Amino acid sequence: METFPETAHPKRKLKNMKNHPKNRWQDSVAKTLDPVARLVYRSNLIGEDPTLTNTGGGNTSSKIAEKDPLTGSETEVLWVKGSGGDLRTAKRDGFSSLYMEKLKGLQKNYLGSKAKGPKTQIEDDMVGAYAHCTFNLNPRPSSIDTPLHGFVHARHVDHTHPNAAISLAACAKGKELTKEIYGDEVIWTEWQRPGFDLGLILEKLCKDHPKAKGAIMGQHGLINWHEDDKKCYELTLELVGRAAEAIEKKDRGEKTFGGEKYKSPAEKERKALWLSILPWLRGKVSAQQRMIGTVQEDATILRFVNSKDAPRLAEMGTSCPDHFLRTKIKPLYVAWDPTTGDVAKLRSLLEEGLEAYRADYKKYYEKCKRKDSPAMRDPNPTVVLIPGLGMVAWGKSKSESRVTAEFYNCAVEVMRGAEALGGYINLPQQEAFDIEYWQLEEAKLKRMPPEQELARQVIAVVGAGSGIGKETAHRLAKEGASIVCVDLNEKSAQETSAELVKKLGEGIGVAGTGISGCGPAIGLGANIVDRKSVAEMLGEAVYAYGGIDGVVVTAGIFVPPDLEGRIPDEKWAQTFAINVTGSYVVADEANKIFKAQGLPASLVLTTSVNAVVAKKGSLAYDTSKAAANHLVRELAIELSPLVRVNAVAPATVVQGSAMFPRDRVMASLAKYKIPFSEKEGDEELRTRLAEFYAKRTLTQSPITPADQAEAAFLLVSGKRFPRTTGQVIHVDGGLADGFLR
Ligand SMILES: [Zn+2]
């Protein structure tokens, strides 16, 4: 139930995910740390272990004696993981700090209210009161779980969302099993929405059961406590381990989820099936707003979707409340038989399934809504399960879709455990609704900054390895797009994508098979004159993100004439192949994806001012660019109304351009009789030439890759020139010879 910044780097891998946690505490590290740093250390150890908690789930605390800046005397302070962020990546600033005395004092206020208890106004009001308890001006807002930590007497408290413990918590016999597994050490508590009252329940539990070390919180998770921080961590491991053992003892092996009903096609066929369905499906789930996808097709998820019980369990939905904020109350499962390989049938099943899902969601909203509930949100599913293929999860960004996928992976693991232990139960719909549409959650959503202009968009930049393409990739990423960096030189494409990922962070959420587990950018190699190579590249992009919304082509070639001013025939052909046919092939292949998605898309090509200026020394290049200009107009007609097609026409961009190698720069300087020395460096020579070119323009300033990237951004964005297509924009500093007429 947390929102968090997308900066984390997922170190955890779902591979080798077992339910038995490992003790990774190192005394040599811990002993060098102050008490708050020890809390951060403990939290990170818990967060890094997927058997202990999920992304953004759980929180930890320590009660620490601090010197009060107001009085100089010692006071007890609760340091507790604050609102937002993740245990794995939390640092000191991720924790809020509150005067224990003031926090405890809130009880009087709360208990004095006429209406109190879960879901009363005073409960939500208490969240605002935590700010008044802040110790030492700590700006981190307190989490809704703060009273859980404050009202448990012990010095150190861990609250986690381990799959094994949630299996118990979401099991029909959870209460009895808790007693059976833990005796009097861990006490069962019934489900209750987190808040002040749940804190009071835990306080009473501690009083009534002085020997208890922890509690299973029904349909939610685990909480445990200790006077010593290392022992608290070890207790967390031990309690989770005991739940995991109980599950393994009853594991149903072949009979898990009722046994296998469908068989998966081989990996290669599966991928082909995914590619034939993804852009179309993305278009459907993006009916209200665009979504980015993450595909998961590992053995664990395949076992689930292929099982006899999958339809029944999928319909029951996820249980842990912070799961279904992203996974929605339930996934969409379609009963497709993968052995038929019938894609048309799969499509019609998905189509029917989506319709029924949306209708169900509306029913759920209407049935559960309260007088002051926020308006109904997007009724499309965020998790789609297909027998034989696996799962695709959707989110507003790559990172968010990975979290969605991670949470459904957790849900599958929870269901496996709960089914083994005696039967999975879901949260009552009204409870689910009261979390999904909680005013506090709504307020959190409203506080989020507005989405970036290119958020939810996947844009391929062909030629991203250098020059204008690289600059464009950076420019579009800055506006929130997920970027597919493409270049003939695969390594350079990957370098650009690595730069972007470094700048933006991988995001959060640990899920995704192969390249679908990627971050906000990927780097791919492709030869644009080879249709198969282009199709494969676009396929990888679709598998990584679910679809594509725009393509910018900056790849091009300039072959200078030989000493006699001639261009060999093969160089002429190569110039046309890359500058004209290449753009056409990319457009034609991308259009297949655009059409399948049915969402407005945009294509931006790169031509040249030379296309309209006849001159000596660049015969092949200039005529190829003239053809490219007309290609823009033809494509604009062919691809309308769904796709806008425009072009940027640069002139004499020297800086960082692969088209201006040292030899060409020197040849040009000599041609224009500009003095230079061979001893000068590349950049000096380029600057000299760029300055000369600048003087010939009306604006008198050098033309940079950033100028071109800006124009490419304006054209590719659907918001700037939404009604412009078939146009070529000159970005040339103003060359009167190049004026279009
Ligand atoms: Zn929790």
# chains A, B, ... in the order shown; residues from 1 in each chain; ligands from 1
$ residues_around --residues "range 371-373 of chain A" --least-positions-apart "4" --cutoff "10 Å" --atoms "only C-alpha atoms" --output "list of chain:residue names"
A:Tyr365, A:Phe433, A:Asp434, A:Tyr437, A:Trp438, A:Gln439, A:Glu442
$ write_last_selection --atoms "N, CA and C atoms" --output "PDB file, in the first residue's frame"
ATOM      1  N   TYR A 365     -17.691  -2.317  -8.524  1.00  0.00           N
ATOM      2  CA  TYR A 365     -17.657  -0.913  -8.093  1.00  0.00           C
ATOM      3  C   TYR A 365     -19.038  -0.462  -7.610  1.00  0.00           C
ATOM      4  N   PHE A 433     -12.463  -3.483  -1.851  1.00  0.00           N
ATOM      5  CA  PHE A 433     -12.889  -2.181  -2.373  1.00  0.00           C
ATOM      6  C   PHE A 433     -12.454  -1.053  -1.433  1.00  0.00           C
ATOM      7  N   ASP A 434     -12.629  -1.286  -0.125  1.00  0.00           N
ATOM      8  CA  ASP A 434     -12.315  -0.229   0.835  1.00  0.00           C
ATOM      9  C   ASP A 434     -10.812   0.067   0.920  1.00  0.00           C
ATOM     10  N   TYR A 437     -10.301   1.843  -3.022  1.00  0.00           N
ATOM     11  CA  TYR A 437     -10.887   3.182  -3.144  1.00  0.00           C
ATOM     12  C   TYR A 437     -10.825   3.962  -1.836  1.00  0.00           C
ATOM     13  N   TRP A 438      -9.869   3.614  -0.973  1.00  0.00           N
ATOM     14  CA  TRP A 438      -9.662   4.312   0.293  1.00  0.00           C
ATOM     15  C   TRP A 438      -9.320   5.773   0.017  1.00  0.00           C
ATOM     16  N   GLN A 439      -9.954   6.659   0.776  1.00  0.00           N
ATOM     17  CA  GLN A 439      -9.686   8.094   0.574  1.00  0.00           C
ATOM     18  C   GLN A 439      -8.202   8.429   0.754  1.00  0.00           C
ATOM     19  N   GLU A 442      -6.549   7.542  -2.422  1.00  0.00           N
ATOM     20  CA  GLU A 442      -6.941   8.528  -3.420  1.00  0.00           C
ATOM     21  C   GLU A 442      -6.122   9.815  -3.232  1.00  0.00           C
TER      22      GLU A 442
END
$ closest_atom_pairs --of "range 584-604 of chain A" --to "range 634-653 of chain A" --cutoff "7 Å" --atoms "only C-alpha atoms" --output "Markdown table"
| residue | atom | partner | partner_atom | distance |
| --- | --- | --- | --- | --- |
| A:Leu599 | CA | A:Leu642 | CA | 6.9 |
| A:Pro600 | CA | A:Leu642 | CA | 5.0 |
| A:Ala601 | CA | A:Val643 | CA | 4.7 |
| A:Ser602 | CA | A:Arg644 | CA | 4.8 |
| A:Leu603 | CA | A:Val645 | CA | 4.8 |
| A:Val604 | CA | A:Asn646 | CA | 5.0 |
$ write_last_selection --atoms "N, CA, C and O atoms" --output "compact mmCIF listing (two decimals), in the first residue's frame"
# COMPACT_ATOMS: atom_id res chain seq x y z
N LEU A 599 -3.85 2.04 -31.77
CA LEU A 599 -3.69 3.28 -30.99
C LEU A 599 -2.96 4.30 -31.86
O LEU A 599 -2.08 3.93 -32.64
N PRO A 600 -3.30 5.59 -31.73
CA PRO A 600 -2.59 6.61 -32.51
C PRO A 600 -1.07 6.47 -32.33
O PRO A 600 -0.58 6.24 -31.22
N ALA A 601 -0.34 6.58 -33.44
CA ALA A 601 1.11 6.40 -33.38
C ALA A 601 1.78 7.46 -34.24
O ALA A 601 1.11 8.21 -34.96
N SER A 602 3.08 7.50 -34.15
CA SER A 602 3.80 8.55 -34.86
C SER A 602 5.13 8.03 -35.39
O SER A 602 5.80 7.25 -34.74
N LEU A 603 5.44 8.52 -36.58
CA LEU A 603 6.69 8.11 -37.23
C LEU A 603 7.42 9.38 -37.64
O LEU A 603 6.82 10.28 -38.22
N VAL A 604 8.69 9.46 -37.30
CA VAL A 604 9.48 10.62 -37.69
C VAL A 604 10.73 10.13 -38.42
O VAL A 604 11.51 9.35 -37.88
$ residues_around --residues "Pro561 in chain A" --least-positions-apart "3" --cutoff "9 Å" --atoms "only C-alpha atoms" --output "PyMOL selection string"
chain A and resi 564-568+617-620
$ closest_atom_pairs --of "chain A" --to "ligand 1" --cutoff "9 Å" --atoms "only C-alpha atoms and all ligand atoms" --output "tab-separated table"
residue	atom	partner	partner_atom_place_in_ligand_line	distance
A:Met1	CA	ligand 1	1 (Zn)	7.6
A:Gly57	CA	ligand 1	1 (Zn)	6.0
A:Gly58	CA	ligand 1	1 (Zn)	4.8
A:Asn59	CA	ligand 1	1 (Zn)	7.3
A:Asp145	CA	ligand 1	1 (Zn)	7.4
A:His159	CA	ligand 1	1 (Zn)	6.5
A:Thr160	CA	ligand 1	1 (Zn)	6.3
A:His161	CA	ligand 1	1 (Zn)	6.2
A:Pro194	CA	ligand 1	1 (Zn)	7.6
A:Met217	CA	ligand 1	1 (Zn)	8.7
A:His220	CA	ligand 1	1 (Zn)	6.1
A:Gly221	CA	ligand 1	1 (Zn)	6.1
A:Leu222	CA	ligand 1	1 (Zn)	7.8
A:Ile223	CA	ligand 1	1 (Zn)	8.6
A:Cys320	CA	ligand 1	1 (Zn)	8.2
A:Pro321	CA	ligand 1	1 (Zn)	7.9
A:Asp322	CA	ligand 1	1 (Zn)	7.3
$ residues_around --residues "range 81-98 of chain A" --least-positions-apart "6" --cutoff "7 Å" --atoms "only C-alpha atoms" --output "PyMOL selection string"
chain A and resi 2-5+8+37+40+43-48+55-57+59-61+133-135+138+140-143
$ residues_around --residues "Leu476 in chain A" --least-positions-apart "6" --cutoff "10 Å" --atoms "only C-alpha atoms" --output "PyMOL selection string"
chain A and resi 453-455+457-461+482-483+709-710+712-714+716-717
$ write_last_selection --atoms "all heavy atoms" --output "compact mmCIF listing (two decimals), in the first residue's frame"
# COMPACT_ATOMS: atom_id res chain seq x y z
N GLU A 453 5.01 14.01 -20.44
CA GLU A 453 4.37 14.07 -21.75
C GLU A 453 4.42 12.75 -22.52
O GLU A 453 3.46 12.37 -23.17
CB GLU A 453 5.01 15.19 -22.59
CG GLU A 453 4.34 15.33 -23.94
CD GLU A 453 4.64 16.66 -24.61
OE1 GLU A 453 5.08 17.60 -23.91
OE2 GLU A 453 4.43 16.76 -25.83
N LEU A 454 5.54 12.05 -22.44
CA LEU A 454 5.66 10.80 -23.19
C LEU A 454 5.53 9.57 -22.29
O LEU A 454 5.92 8.46 -22.67
CB LEU A 454 6.98 10.76 -23.96
CG LEU A 454 7.15 11.82 -25.05
CD1 LEU A 454 8.49 11.65 -25.77
CD2 LEU A 454 6.02 11.80 -26.07
N ALA A 455 4.99 9.77 -21.08
CA ALA A 455 4.77 8.62 -20.19
C ALA A 455 3.84 7.64 -20.90
O ALA A 455 3.03 8.03 -21.74
CB ALA A 455 4.12 9.08 -18.89
N GLN A 457 4.50 5.68 -23.20
CA GLN A 457 4.81 5.48 -24.62
C GLN A 457 6.13 4.73 -24.78
O GLN A 457 7.06 4.94 -24.02
CB GLN A 457 4.99 6.85 -25.30
CG GLN A 457 3.81 7.75 -25.12
CD GLN A 457 3.22 8.19 -26.44
OE1 GLN A 457 3.75 7.89 -27.50
NE2 GLN A 457 2.12 8.89 -26.38
N VAL A 458 6.13 3.88 -25.79
CA VAL A 458 7.36 3.16 -26.14
C VAL A 458 7.81 3.70 -27.50
O VAL A 458 7.04 3.66 -28.46
CB VAL A 458 7.10 1.64 -26.25
CG1 VAL A 458 8.39 0.91 -26.58
CG2 VAL A 458 6.48 1.12 -24.96
N ILE A 459 9.02 4.23 -27.56
CA ILE A 459 9.48 4.82 -28.82
C ILE A 459 10.83 4.22 -29.20
O ILE A 459 11.75 4.14 -28.39
CB ILE A 459 9.59 6.35 -28.70
CG1 ILE A 459 8.21 6.93 -28.33
CG2 ILE A 459 10.09 6.96 -30.01
CD1 ILE A 459 8.17 8.42 -28.14
N ALA A 460 10.89 3.75 -30.45
CA ALA A 460 12.15 3.21 -30.97
C ALA A 460 12.89 4.32 -31.68
O ALA A 460 12.30 5.07 -32.46
CB ALA A 460 11.87 2.06 -31.92
N VAL A 461 14.18 4.44 -31.40
CA VAL A 461 15.02 5.41 -32.09
C VAL A 461 16.05 4.61 -32.89
O VAL A 461 16.91 3.94 -32.32
CB VAL A 461 15.72 6.37 -31.10
CG1 VAL A 461 16.60 7.35 -31.87
CG2 VAL A 461 14.68 7.11 -30.26
N SER A 482 9.58 5.12 -22.74
CA SER A 482 10.48 3.97 -22.70
C SER A 482 11.15 3.91 -24.07
O SER A 482 10.47 4.03 -25.09
CB SER A 482 9.71 2.67 -22.47
OG SER A 482 9.13 2.70 -21.19
N ILE A 483 12.47 3.75 -24.07
CA ILE A 483 13.20 3.90 -25.33
C ILE A 483 13.81 2.58 -25.80
O ILE A 483 14.51 1.91 -25.06
CB ILE A 483 14.35 4.93 -25.18
CG1 ILE A 483 13.82 6.26 -24.63
CG2 ILE A 483 15.03 5.14 -26.53
CD1 ILE A 483 12.90 7.02 -25.56
N ALA A 709 17.07 16.85 -32.15
CA ALA A 709 16.35 16.01 -31.19
C ALA A 709 15.09 16.71 -30.70
O ALA A 709 14.04 16.08 -30.51
CB ALA A 709 17.26 15.66 -30.02
N GLU A 710 15.20 18.03 -30.51
CA GLU A 710 14.05 18.80 -30.05
C GLU A 710 12.91 18.71 -31.08
O GLU A 710 11.75 18.50 -30.73
CB GLU A 710 14.47 20.26 -29.83
CG GLU A 710 13.46 21.10 -29.09
CD GLU A 710 13.22 20.63 -27.66
OE1 GLU A 710 14.09 19.96 -27.09
OE2 GLU A 710 12.12 20.90 -27.14
N ALA A 712 12.53 16.39 -33.36
CA ALA A 712 12.02 15.01 -33.41
C ALA A 712 11.03 14.77 -32.27
O ALA A 712 9.98 14.15 -32.46
CB ALA A 712 13.18 14.01 -33.31
N PHE A 713 11.35 15.31 -31.08
CA PHE A 713 10.45 15.17 -29.93
C PHE A 713 9.10 15.83 -30.22
O PHE A 713 8.03 15.25 -30.01
CB PHE A 713 11.11 15.75 -28.68
CG PHE A 713 10.13 16.21 -27.63
CD1 PHE A 713 9.20 15.32 -27.11
CD2 PHE A 713 10.13 17.52 -27.17
CE1 PHE A 713 8.28 15.73 -26.14
CE2 PHE A 713 9.21 17.94 -26.22
CZ PHE A 713 8.28 17.04 -25.71
N LEU A 714 9.15 17.07 -30.74
CA LEU A 714 7.90 17.80 -31.00
C LEU A 714 7.02 17.07 -32.00
O LEU A 714 5.80 17.02 -31.87
CB LEU A 714 8.22 19.22 -31.50
CG LEU A 714 8.96 20.11 -30.51
CD1 LEU A 714 9.35 21.43 -31.16
CD2 LEU A 714 8.12 20.38 -29.26
N VAL A 716 7.18 13.70 -32.76
CA VAL A 716 6.77 12.34 -32.36
C VAL A 716 5.71 12.40 -31.26
O VAL A 716 4.84 11.54 -31.19
CB VAL A 716 7.99 11.49 -31.94
CG1 VAL A 716 8.39 11.72 -30.49
CG2 VAL A 716 7.71 10.00 -32.15
N SER A 717 5.76 13.43 -30.42
CA SER A 717 4.76 13.56 -29.37
C SER A 717 3.40 13.80 -29.99
O SER A 717 3.25 14.58 -30.91
CB SER A 717 5.12 14.75 -28.46
OG SER A 717 4.00 15.09 -27.67
$ atom_distance --atom1 "CA of Glu123 in chain A" --atom2 "CA of Trp191 in chain A"
16.3 Å
$ residues_around --residues "His226 in chain A" --least-positions-apart "5" --cutoff "12 Å" --atoms "only C-alpha atoms" --output "list of chain:residue names"
A:Thr60, A:Ser61, A:Ser62, A:Lys63, A:His149, A:Val152, A:His153, A:Ala154, A:Arg155, A:His156, A:Val157, A:Asp158, A:Cys206, A:Lys211, A:Ala212, A:Lys213, A:Gly214, A:Lys231, A:Cys232, A:Tyr233, A:Glu234, A:Leu235, A:Thr236
$ write_last_selection --atoms "N, CA and C atoms" --output "compact mmCIF listing (two decimals), in the first residue's frame"
# COMPACT_ATOMS: atom_id res chain seq x y z
N THR A 60 9.64 -1.75 9.16
CA THR A 60 10.47 -2.16 10.29
C THR A 60 10.63 -0.96 11.21
N SER A 61 10.97 -1.22 12.48
CA SER A 61 11.14 -0.08 13.39
C SER A 61 12.08 -0.43 14.54
N SER A 62 12.61 0.65 15.14
CA SER A 62 13.37 0.53 16.39
C SER A 62 12.99 1.71 17.27
N LYS A 63 12.89 1.42 18.57
CA LYS A 63 12.67 2.51 19.53
C LYS A 63 14.03 2.86 20.11
N HIS A 149 3.76 -0.40 15.01
CA HIS A 149 5.11 -0.44 15.56
C HIS A 149 5.18 0.26 16.91
N VAL A 152 3.30 -1.85 19.89
CA VAL A 152 3.92 -3.10 20.34
C VAL A 152 5.05 -2.69 21.27
N HIS A 153 5.05 -3.28 22.47
CA HIS A 153 5.97 -2.80 23.52
C HIS A 153 7.45 -2.99 23.17
N ALA A 154 7.79 -4.07 22.42
CA ALA A 154 9.21 -4.42 22.24
C ALA A 154 9.96 -3.33 21.47
N ARG A 155 11.28 -3.34 21.68
CA ARG A 155 12.13 -2.29 21.12
C ARG A 155 12.20 -2.37 19.58
N HIS A 156 12.24 -3.58 19.05
CA HIS A 156 12.39 -3.74 17.60
C HIS A 156 11.23 -4.55 17.03
N VAL A 157 10.69 -4.07 15.90
CA VAL A 157 9.53 -4.73 15.29
C VAL A 157 9.76 -4.87 13.78
N ASP A 158 9.51 -6.07 13.26
CA ASP A 158 9.53 -6.31 11.81
C ASP A 158 8.12 -6.67 11.37
N CYS A 206 -0.34 -8.10 22.81
CA CYS A 206 0.91 -8.21 23.57
C CYS A 206 0.61 -8.33 25.07
N LYS A 211 3.95 -13.83 26.39
CA LYS A 211 5.05 -14.65 25.86
C LYS A 211 5.11 -14.64 24.33
N ALA A 212 4.11 -14.03 23.69
CA ALA A 212 4.06 -14.06 22.22
C ALA A 212 5.23 -13.29 21.63
N LYS A 213 5.72 -13.82 20.51
CA LYS A 213 6.83 -13.16 19.80
C LYS A 213 6.34 -12.49 18.52
N GLY A 214 5.12 -12.82 18.16
CA GLY A 214 4.65 -12.25 16.90
C GLY A 214 3.20 -12.60 16.64
N LYS A 231 18.32 -10.26 16.93
CA LYS A 231 17.42 -11.37 17.26
C LYS A 231 16.04 -11.17 16.62
N CYS A 232 15.65 -9.92 16.46
CA CYS A 232 14.38 -9.64 15.80
C CYS A 232 14.44 -10.10 14.35
N TYR A 233 15.56 -9.77 13.68
CA TYR A 233 15.77 -10.21 12.30
C TYR A 233 15.76 -11.73 12.22
N GLU A 234 16.50 -12.36 13.14
CA GLU A 234 16.57 -13.83 13.11
C GLU A 234 15.21 -14.47 13.40
N LEU A 235 14.44 -13.79 14.25
CA LEU A 235 13.09 -14.29 14.55
C LEU A 235 12.22 -14.23 13.29
N THR A 236 12.34 -13.13 12.54
CA THR A 236 11.60 -13.02 11.27
C THR A 236 11.92 -14.22 10.38
$ closest_residue --among "A:Thr404, A:Gln452, A:Gln700, A:Thr178" --to "Pro331 in chain A" --atoms "only C-alpha atoms"
A:Thr404
$ residues_around --residues "range 569-574 of chain A" --least-positions-apart "6" --cutoff "12 Å" --atoms "only C-alpha atoms" --output "list in words"
Ile528, Val529, Gly556, Ile557, Phe558, Val559, Pro560, Pro561, Asp562, Val580, Thr581, Gly582, Ser618, Leu619, Ala620, Tyr621, Asp622, Thr623 and Ser624 of chain A
$ closest_atom_pairs --of "range 473-574 of chain A" --to "range 284-291 of chain A" --cutoff "10 Å" --atoms "only C-alpha atoms" --output "CSV"
residue,atom,partner,partner_atom,distance
A:Tyr545,CA,A:Met291,CA,9.0
A:Gly546,CA,A:Met291,CA,8.3
A:Gly547,CA,A:Met291,CA,9.1
A:Asp549,CA,A:Arg290,CA,9.4
$ write_last_selection --atoms "N, CA, C and O atoms" --output "mmCIF file, in the first residue's frame"
data_model
loop_
_atom_site.group_PDB
_atom_site.id
_atom_site.type_symbol
_atom_site.label_atom_id
_atom_site.label_comp_id
_atom_site.auth_asym_id
_atom_site.auth_seq_id
_atom_site.Cartn_x
_atom_site.Cartn_y
_atom_site.Cartn_z
ATOM 1 N N TYR A 545 8.165 -4.591 -24.024
ATOM 2 C CA TYR A 545 7.259 -3.561 -23.498
ATOM 3 C C TYR A 545 5.783 -3.790 -23.833
ATOM 4 O O TYR A 545 4.929 -3.045 -23.371
ATOM 5 N N GLY A 546 5.502 -4.738 -24.710
ATOM 6 C CA GLY A 546 4.104 -4.999 -25.055
ATOM 7 C C GLY A 546 3.667 -4.360 -26.355
ATOM 8 O O GLY A 546 2.661 -4.765 -26.937
ATOM 9 N N GLY A 547 4.384 -3.355 -26.843
ATOM 10 C CA GLY A 547 4.006 -2.680 -28.090
ATOM 11 C C GLY A 547 4.917 -1.498 -28.353
ATOM 12 O O GLY A 547 5.916 -1.304 -27.654
ATOM 13 N N ASP A 549 4.749 2.810 -29.726
ATOM 14 C CA ASP A 549 3.893 3.965 -30.031
ATOM 15 C C ASP A 549 4.509 4.926 -31.032
ATOM 16 O O ASP A 549 3.811 5.767 -31.580
#
$ select_by_dssp --residues "range 518-620 of chain A" --states "strand (DSSP E)" --output "PyMOL selection string"
chain A and resi 521-525+550-553+601-606
$ decode --residues "range 474-495 of chain A" --atoms "N, CA and C atoms" --output "compact mmCIF listing (two decimals), in the first residue's frame"
# COMPACT_ATOMS: atom_id res chain seq x y z
N HIS A 474 17.99 10.37 -25.70
CA HIS A 474 18.05 11.06 -24.41
C HIS A 474 16.90 12.05 -24.24
N ARG A 475 16.61 12.77 -25.33
CA ARG A 475 15.55 13.79 -25.26
C ARG A 475 14.19 13.15 -24.97
N LEU A 476 13.90 12.06 -25.66
CA LEU A 476 12.59 11.41 -25.50
C LEU A 476 12.49 10.71 -24.14
N ALA A 477 13.61 10.17 -23.67
CA ALA A 477 13.60 9.52 -22.35
C ALA A 477 13.32 10.56 -21.26
N LYS A 478 13.84 11.75 -21.47
CA LYS A 478 13.64 12.83 -20.50
C LYS A 478 12.16 13.19 -20.36
N GLU A 479 11.39 12.92 -21.43
CA GLU A 479 9.95 13.21 -21.40
C GLU A 479 9.14 12.02 -20.92
N GLY A 480 9.84 10.95 -20.49
CA GLY A 480 9.11 9.83 -19.87
C GLY A 480 8.86 8.63 -20.76
N ALA A 481 9.34 8.66 -22.01
CA ALA A 481 9.11 7.50 -22.88
C ALA A 481 10.04 6.35 -22.51
N SER A 482 9.58 5.12 -22.74
CA SER A 482 10.48 3.97 -22.70
C SER A 482 11.15 3.91 -24.07
N ILE A 483 12.47 3.75 -24.07
CA ILE A 483 13.20 3.90 -25.33
C ILE A 483 13.81 2.58 -25.80
N VAL A 484 13.52 2.26 -27.07
CA VAL A 484 14.19 1.14 -27.73
C VAL A 484 15.30 1.76 -28.58
N CYS A 485 16.54 1.61 -28.10
CA CYS A 485 17.68 2.18 -28.83
C CYS A 485 18.12 1.16 -29.88
N VAL A 486 18.13 1.59 -31.14
CA VAL A 486 18.46 0.66 -32.23
C VAL A 486 19.61 1.23 -33.04
N ASP A 487 20.54 0.38 -33.42
CA ASP A 487 21.62 0.82 -34.29
C ASP A 487 22.16 -0.39 -35.04
N LEU A 488 22.76 -0.12 -36.21
CA LEU A 488 23.43 -1.19 -36.95
C LEU A 488 24.51 -1.78 -36.05
N ASN A 489 25.16 -0.89 -35.32
CA ASN A 489 26.17 -1.28 -34.35
C ASN A 489 25.48 -1.55 -33.01
N GLU A 490 25.21 -2.83 -32.73
CA GLU A 490 24.43 -3.19 -31.54
C GLU A 490 25.07 -2.68 -30.26
N LYS A 491 26.40 -2.73 -30.24
CA LYS A 491 27.11 -2.32 -29.02
C LYS A 491 26.83 -0.85 -28.71
N SER A 492 26.85 -0.03 -29.75
CA SER A 492 26.62 1.41 -29.51
C SER A 492 25.17 1.65 -29.07
N ALA A 493 24.24 0.85 -29.60
CA ALA A 493 22.83 0.98 -29.16
C ALA A 493 22.73 0.63 -27.68
N GLN A 494 23.45 -0.42 -27.29
CA GLN A 494 23.40 -0.83 -25.88
C GLN A 494 24.08 0.19 -24.97
N GLU A 495 25.10 0.84 -25.51
CA GLU A 495 25.76 1.89 -24.70
C GLU A 495 24.79 3.03 -24.42
